[in-house]
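Notes for the one structure printed next.
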Amino acid sequence: MESVADGFVEQGYGAVGDAFRRNFQDPGEDAAAVAVFHRGRLVADLWGGRDVVNDRVMPRDGLMMVASCSKGITATVLAMLVQQGLVDPEERVGTYWPEFATNGKERATVAMVASHTVGLPYPPLGTGLEGLDLHRGEAVTRALAAAAPLWEPGTAMAYHPVTYGTMLDEIVRRATGSTIAAHVRRLVAEPLGVDMWMGLPAGLDDRVVPGKWEQASPMEPGEEGAFEPGSYAALRQQFLRENPPMDPDFADPQEVRAHYGAERPAIGAITDARALATMYAAVIGPVGGTRLVDDSTLQLAVRPRTDDVETLIESGTAGPDIRFGLGYQLASPSMPGFGPSSFGHTGAGGRLGIADSEHEVALGYVCSRMRDIGPHGDPRWASLVDAVRRCL
């Protein structure tokens, strides 16, 4: 019988290994990995299970597309650019991207885009765009610039699954001359020596462990008539019917390559648990002498920006308790973390990258058996977070 888990845990962190192994029995895993840092030191690095799509054991260097955990990576890049004085979160978007300042978006700020309050949770209906062209590229960027927001920017919050990254990418490109994908490599991956890409080089496709949903993805549209007419939830269904699938057809190599190679800063990062944990550890403190974000910038990045605005309910994952800072997801019932100061980002299917400066801990978790996270978090990473908390 194949080993459930490989890797190591330091003395005193055995509960993390126990929780990881139990997850394969209850509630069940295919391929998965978890990594934990405490005070800048790697204390747990575990991987195991099976890649059921490619029929192989989960390799040590296996990568996964981590869905909205990508937003936490993008938030880290944004915080670093703010720290360097290249982007001002309180500046109007139109200062960097003049075409955006129209149709009621004239006063929209960078922070509103990063906190999901700008009012453009999806590309406008009827663009004629299909597939990945709705996620990235000049055409969808122009459509978003010309679009009218669904509400006055800054007055309500609804989760922006993909447009968060499309808009921030254009802002960053205009402000710095480089895309978020380029900054991820230059500012995060290379200094930390981790495997992390927004747009995977073609030669690395074979390392990716595909995700597989147990049931329908929460990004699939619901049944007609299931939502109150005129509500945001009903309008969201119209957007989802135009939205492309989150994942490619894994039987089509060309489609897989297109998805893996696409630069999608909201959902397209390809990385591993080790890299997520390393990045978050370096956000809250030094890792091997490298720290990404200083204390004052971190305080700015995790300041709550959505607590006092209306939250538009759209799904179990992005329910009424979800909270945001400057791109980072903040502690809430659906991402309780280690305590009130935890921040990071969940990813569709049950992935998680998270840090807590008070507890001086960071965790990355990835999985290939994908489930709807739900309003109370995913039980797999919840058990891992609880185990880490008990070890501290």
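Residue numbering restarts at 1 in every chain; chains get A, B, ... in the order shown in the structure tokens, and ligands count up from 1 in that same order.
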
Neighbour list for Arg142 of chain A as a ChimeraX atom specification, cut-off 12 Å, only C-alpha atoms, skip fewer than 2 positions in-chain: /A:97-102,123-124,127,129,133-134,136-140,144-147,166-167,170

Close residues, segment 346-355 of chain A itself excluded, 8 Å, only C-alpha atoms, min 2 positions apart in chain, as number ranges by chain: A: 66-70, 72, 213, 273, 276-277, 280-281, 284, 329, 335, 337, 342-344, 357, 360-373, 378, 380-381

Report as a Markdown table the residues of segment 88-159 of chain A within 7 Å of segment 231-252 of chain A, each with its shortest atom pair and distance in Å (one decimal), using only C-alpha atoms, ordered by chain and increasing residue number.
| residue | atom | partner | partner_atom | distance |
| --- | --- | --- | --- | --- |
| A:Tyr122 | CA | A:Phe239 | CA | 6.5 |
| A:Leu125 | CA | A:Phe239 | CA | 6.6 |
| A:Glu130 | CA | A:Pro244 | CA | 6.9 |
| A:Gly131 | CA | A:Pro244 | CA | 4.9 |
| A:Leu132 | CA | A:Pro244 | CA | 6.9 |

Write the residues you've just listed into a file as a tab-separated table (two decimals), in the first residue's frame, and include N, CA, C and O atoms for each of them.
chain	number	residue	atom	x	y	z
A	122	TYR	N	-17.88	41.11	-12.50
A	122	TYR	CA	-17.74	40.31	-13.71
A	122	TYR	C	-17.60	41.25	-14.90
A	122	TYR	O	-18.01	42.42	-14.83
A	125	LEU	N	-22.02	42.12	-19.46
A	125	LEU	CA	-22.69	41.14	-20.31
A	125	LEU	C	-22.66	41.57	-21.77
A	125	LEU	O	-22.66	42.76	-22.08
A	130	GLU	N	-15.26	35.09	-25.35
A	130	GLU	CA	-15.46	33.73	-24.88
A	130	GLU	C	-14.19	33.21	-24.25
A	130	GLU	O	-13.08	33.69	-24.51
A	131	GLY	N	-14.35	32.17	-23.42
A	131	GLY	CA	-13.20	31.46	-22.87
A	131	GLY	C	-12.26	32.37	-22.09
A	131	GLY	O	-12.68	33.29	-21.38
A	132	LEU	N	-10.97	32.12	-22.26
A	132	LEU	CA	-9.96	32.87	-21.52
A	132	LEU	C	-9.95	34.35	-21.88
A	132	LEU	O	-9.43	35.16	-21.11

6 Å contact set for segment 58-62 of chain A, only C-alpha atoms, chain neighbours under 4 positions out, as JSON, numbers by chain: {"A": [31, 48, 49, 50, 51, 207, 208]}

Atom CA of Ile270 of chain A to atom CA of Gly211 of chain A, straight-line distance in Å: 11.8 Å

Backbone-only DSSP, strand (DSSP E or B) members of segment 177-307 of chain A, as number ranges by chain: A: 196-198, 208, 212-213, 269-271, 287, 290

Using all heavy atoms, can you write the selected residues to a file as an mmCIF file, in the first residue's frame?
data_model
loop_
_atom_site.group_PDB
_atom_site.id
_atom_site.type_symbol
_atom_site.label_atom_id
_atom_site.label_comp_id
_atom_site.auth_asym_id
_atom_site.auth_seq_id
_atom_site.Cartn_x
_atom_site.Cartn_y
_atom_site.Cartn_z
ATOM 1 N N MET A 196 6.544 29.346 -8.024
ATOM 2 C CA MET A 196 5.324 30.154 -8.065
ATOM 3 C C MET A 196 5.290 30.922 -9.376
ATOM 4 O O MET A 196 6.226 31.650 -9.702
ATOM 5 C CB MET A 196 5.301 31.124 -6.873
ATOM 6 C CG MET A 196 4.047 31.972 -6.749
ATOM 7 S SD MET A 196 4.128 33.050 -5.282
ATOM 8 C CE MET A 196 3.838 31.869 -3.965
ATOM 9 N N TRP A 197 4.208 30.728 -10.116
ATOM 10 C CA TRP A 197 4.051 31.396 -11.410
ATOM 11 C C TRP A 197 2.614 31.857 -11.604
ATOM 12 O O TRP A 197 1.670 31.205 -11.159
ATOM 13 C CB TRP A 197 4.388 30.448 -12.566
ATOM 14 C CG TRP A 197 5.815 30.029 -12.655
ATOM 15 C CD1 TRP A 197 6.811 30.629 -13.374
ATOM 16 C CD2 TRP A 197 6.415 28.881 -12.023
ATOM 17 N NE1 TRP A 197 7.983 29.929 -13.229
ATOM 18 C CE2 TRP A 197 7.778 28.860 -12.398
ATOM 19 C CE3 TRP A 197 5.934 27.883 -11.177
ATOM 20 C CZ2 TRP A 197 8.662 27.876 -11.963
ATOM 21 C CZ3 TRP A 197 6.808 26.898 -10.724
ATOM 22 C CH2 TRP A 197 8.145 26.905 -11.124
ATOM 23 N N MET A 198 2.453 32.969 -12.308
ATOM 24 C CA MET A 198 1.178 33.377 -12.906
ATOM 25 C C MET A 198 1.389 33.277 -14.416
ATOM 26 O O MET A 198 1.790 34.237 -15.062
ATOM 27 C CB MET A 198 0.832 34.824 -12.549
ATOM 28 C CG MET A 198 0.654 35.124 -11.092
ATOM 29 S SD MET A 198 -1.028 34.844 -10.594
ATOM 30 C CE MET A 198 -0.999 35.572 -8.942
ATOM 31 N N VAL A 208 2.133 19.562 -12.927
ATOM 32 C CA VAL A 208 0.871 20.032 -12.360
ATOM 33 C C VAL A 208 -0.046 18.852 -12.048
ATOM 34 O O VAL A 208 -0.274 17.980 -12.891
ATOM 35 C CB VAL A 208 0.166 21.016 -13.308
ATOM 36 C CG1 VAL A 208 -1.153 21.486 -12.695
ATOM 37 C CG2 VAL A 208 1.069 22.210 -13.600
ATOM 38 N N LYS A 212 -9.977 18.059 -9.248
ATOM 39 C CA LYS A 212 -11.174 17.379 -9.721
ATOM 40 C C LYS A 212 -12.283 17.609 -8.706
ATOM 41 O O LYS A 212 -12.157 17.261 -7.534
ATOM 42 C CB LYS A 212 -10.907 15.881 -9.887
ATOM 43 C CG LYS A 212 -12.068 15.120 -10.508
ATOM 44 C CD LYS A 212 -11.700 13.674 -10.765
ATOM 45 C CE LYS A 212 -12.848 12.926 -11.434
ATOM 46 N NZ LYS A 212 -12.495 11.509 -11.691
ATOM 47 N N TRP A 213 -13.396 18.208 -9.170
ATOM 48 C CA TRP A 213 -14.506 18.516 -8.278
ATOM 49 C C TRP A 213 -15.278 17.258 -7.912
ATOM 50 O O TRP A 213 -15.581 16.430 -8.775
ATOM 51 C CB TRP A 213 -15.462 19.515 -8.939
ATOM 52 C CG TRP A 213 -14.932 20.912 -8.962
ATOM 53 C CD1 TRP A 213 -14.263 21.514 -9.993
ATOM 54 C CD2 TRP A 213 -15.004 21.868 -7.909
ATOM 55 N NE1 TRP A 213 -13.911 22.792 -9.635
ATOM 56 C CE2 TRP A 213 -14.351 23.036 -8.360
ATOM 57 C CE3 TRP A 213 -15.555 21.852 -6.625
ATOM 58 C CZ2 TRP A 213 -14.242 24.186 -7.581
ATOM 59 C CZ3 TRP A 213 -15.442 22.987 -5.838
ATOM 60 C CH2 TRP A 213 -14.795 24.130 -6.315
ATOM 61 N N ALA A 269 -2.678 31.357 -10.467
ATOM 62 C CA ALA A 269 -1.349 31.011 -9.958
ATOM 63 C C ALA A 269 -1.168 29.506 -9.912
ATOM 64 O O ALA A 269 -2.077 28.760 -9.550
ATOM 65 C CB ALA A 269 -1.138 31.598 -8.571
ATOM 66 N N ILE A 270 0.013 29.064 -10.280
ATOM 67 C CA ILE A 270 0.388 27.659 -10.174
ATOM 68 C C ILE A 270 1.591 27.588 -9.247
ATOM 69 O O ILE A 270 2.627 28.209 -9.497
ATOM 70 C CB ILE A 270 0.679 27.045 -11.551
ATOM 71 C CG1 ILE A 270 -0.615 27.031 -12.386
ATOM 72 C CG2 ILE A 270 1.256 25.647 -11.417
ATOM 73 C CD1 ILE A 270 -0.469 26.436 -13.765
ATOM 74 N N THR A 271 1.433 26.843 -8.152
ATOM 75 C CA THR A 271 2.432 26.850 -7.091
ATOM 76 C C THR A 271 2.235 25.617 -6.230
ATOM 77 O O THR A 271 1.603 24.651 -6.643
ATOM 78 C CB THR A 271 2.317 28.167 -6.288
ATOM 79 O OG1 THR A 271 3.367 28.245 -5.321
ATOM 80 C CG2 THR A 271 0.979 28.311 -5.604
ATOM 81 N N VAL A 287 12.434 35.373 6.323
ATOM 82 C CA VAL A 287 12.658 33.960 6.029
ATOM 83 C C VAL A 287 13.998 33.872 5.311
ATOM 84 O O VAL A 287 14.143 34.402 4.206
ATOM 85 C CB VAL A 287 11.540 33.368 5.150
ATOM 86 C CG1 VAL A 287 11.884 31.940 4.758
ATOM 87 C CG2 VAL A 287 10.208 33.407 5.872
ATOM 88 N N THR A 290 15.159 37.232 4.179
ATOM 89 C CA THR A 290 14.319 37.993 3.248
ATOM 90 C C THR A 290 12.962 38.252 3.868
ATOM 91 O O THR A 290 12.266 37.315 4.277
ATOM 92 C CB THR A 290 14.131 37.229 1.930
ATOM 93 O OG1 THR A 290 15.401 37.057 1.302
ATOM 94 C CG2 THR A 290 13.207 37.994 0.981
#

Quick one: everything within 9 Å of Ala79 of chain A, counting only C-alpha atoms, minus sequence neighbours fewer than 3 positions away in the same chain. Send it as a compact mmCIF listing (two decimals) with all heavy atoms, in the first residue's frame.
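In the end it all went to result.txt:
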# COMPACT_ATOMS: atom_id res chain seq x y z
N THR A 74 -1.31 38.07 -5.38
CA THR A 74 -1.44 39.39 -5.99
C THR A 74 -1.47 40.49 -4.92
O THR A 74 -0.86 41.56 -5.10
CB THR A 74 -2.71 39.43 -6.86
OG1 THR A 74 -2.50 38.58 -7.99
CG2 THR A 74 -3.02 40.84 -7.35
N ALA A 75 -2.16 40.24 -3.80
CA ALA A 75 -2.19 41.22 -2.71
C ALA A 75 -0.79 41.46 -2.15
O ALA A 75 -0.45 42.59 -1.77
CB ALA A 75 -3.13 40.74 -1.61
N THR A 76 0.03 40.42 -2.10
CA THR A 76 1.41 40.58 -1.62
C THR A 76 2.21 41.44 -2.58
O THR A 76 2.95 42.34 -2.16
CB THR A 76 2.07 39.20 -1.45
OG1 THR A 76 1.33 38.46 -0.46
CG2 THR A 76 3.51 39.33 -1.01
N VAL A 82 3.20 49.14 -3.14
CA VAL A 82 2.82 50.26 -2.27
C VAL A 82 4.01 50.65 -1.40
O VAL A 82 4.34 51.84 -1.24
CB VAL A 82 1.60 49.88 -1.40
CG1 VAL A 82 1.37 50.92 -0.31
CG2 VAL A 82 0.35 49.74 -2.27
N GLN A 83 4.67 49.67 -0.84
CA GLN A 83 5.84 49.91 0.00
C GLN A 83 6.94 50.65 -0.76
O GLN A 83 7.63 51.51 -0.20
CB GLN A 83 6.35 48.55 0.49
CG GLN A 83 7.53 48.58 1.43
CD GLN A 83 7.80 47.18 1.97
OE1 GLN A 83 7.13 46.71 2.87
NE2 GLN A 83 8.79 46.50 1.40
N GLN A 84 7.07 50.34 -2.03
CA GLN A 84 8.09 50.98 -2.86
C GLN A 84 7.66 52.34 -3.39
O GLN A 84 8.43 53.02 -4.07
CB GLN A 84 8.45 50.07 -4.03
CG GLN A 84 9.13 48.77 -3.62
CD GLN A 84 9.30 47.81 -4.78
OE1 GLN A 84 9.18 48.18 -5.95
NE2 GLN A 84 9.59 46.54 -4.46
N VAL A 87 2.69 52.43 -6.27
CA VAL A 87 1.23 52.44 -6.35
C VAL A 87 0.69 53.00 -5.04
O VAL A 87 1.17 52.63 -3.96
CB VAL A 87 0.66 51.03 -6.59
CG1 VAL A 87 -0.86 51.06 -6.61
CG2 VAL A 87 1.18 50.43 -7.89
N LEU A 292 9.36 40.39 2.88
CA LEU A 292 8.71 41.00 1.72
C LEU A 292 8.02 42.31 2.06
O LEU A 292 8.04 43.25 1.26
CB LEU A 292 7.70 40.02 1.11
CG LEU A 292 8.24 38.67 0.63
CD1 LEU A 292 7.12 37.84 0.03
CD2 LEU A 292 9.37 38.86 -0.38
N VAL A 293 7.36 42.39 3.21
CA VAL A 293 6.51 43.53 3.55
C VAL A 293 6.87 44.01 4.95
O VAL A 293 6.90 43.20 5.88
CB VAL A 293 5.01 43.14 3.48
CG1 VAL A 293 4.13 44.33 3.84
CG2 VAL A 293 4.65 42.62 2.09
N THR A 297 3.56 48.75 6.25
CA THR A 297 2.83 48.40 5.04
C THR A 297 1.88 47.26 5.30
O THR A 297 0.74 47.24 4.80
CB THR A 297 3.80 48.04 3.91
OG1 THR A 297 4.73 49.10 3.71
CG2 THR A 297 3.05 47.79 2.61
N LEU A 298 2.30 46.28 6.11
CA LEU A 298 1.43 45.17 6.45
C LEU A 298 0.19 45.66 7.20
O LEU A 298 -0.93 45.22 6.93
CB LEU A 298 2.18 44.14 7.28
CG LEU A 298 1.37 42.92 7.74
CD1 LEU A 298 0.77 42.18 6.55
CD2 LEU A 298 2.24 41.98 8.56
N LEU A 300 -1.22 48.50 6.88
CA LEU A 300 -2.08 49.11 5.87
C LEU A 300 -2.80 48.04 5.06
O LEU A 300 -4.00 48.16 4.76
CB LEU A 300 -1.23 49.97 4.94
CG LEU A 300 -1.92 50.58 3.72
CD1 LEU A 300 -2.90 51.68 4.15
CD2 LEU A 300 -0.89 51.14 2.74
N ALA A 301 -2.10 46.98 4.71
CA ALA A 301 -2.66 45.94 3.84
C ALA A 301 -3.76 45.13 4.51
O ALA A 301 -4.66 44.63 3.84
CB ALA A 301 -1.56 45.01 3.35
N LEU A 326 -6.60 45.14 1.89
CA LEU A 326 -6.11 45.55 0.58
C LEU A 326 -5.78 44.30 -0.24
O LEU A 326 -4.62 43.99 -0.48
CB LEU A 326 -4.89 46.46 0.72
CG LEU A 326 -4.44 47.18 -0.55
CD1 LEU A 326 -5.48 48.19 -1.01
CD2 LEU A 326 -3.09 47.87 -0.33
N GLY A 327 -6.82 43.56 -0.61
CA GLY A 327 -6.64 42.34 -1.38
C GLY A 327 -6.60 41.09 -0.55
O GLY A 327 -6.96 40.01 -1.03
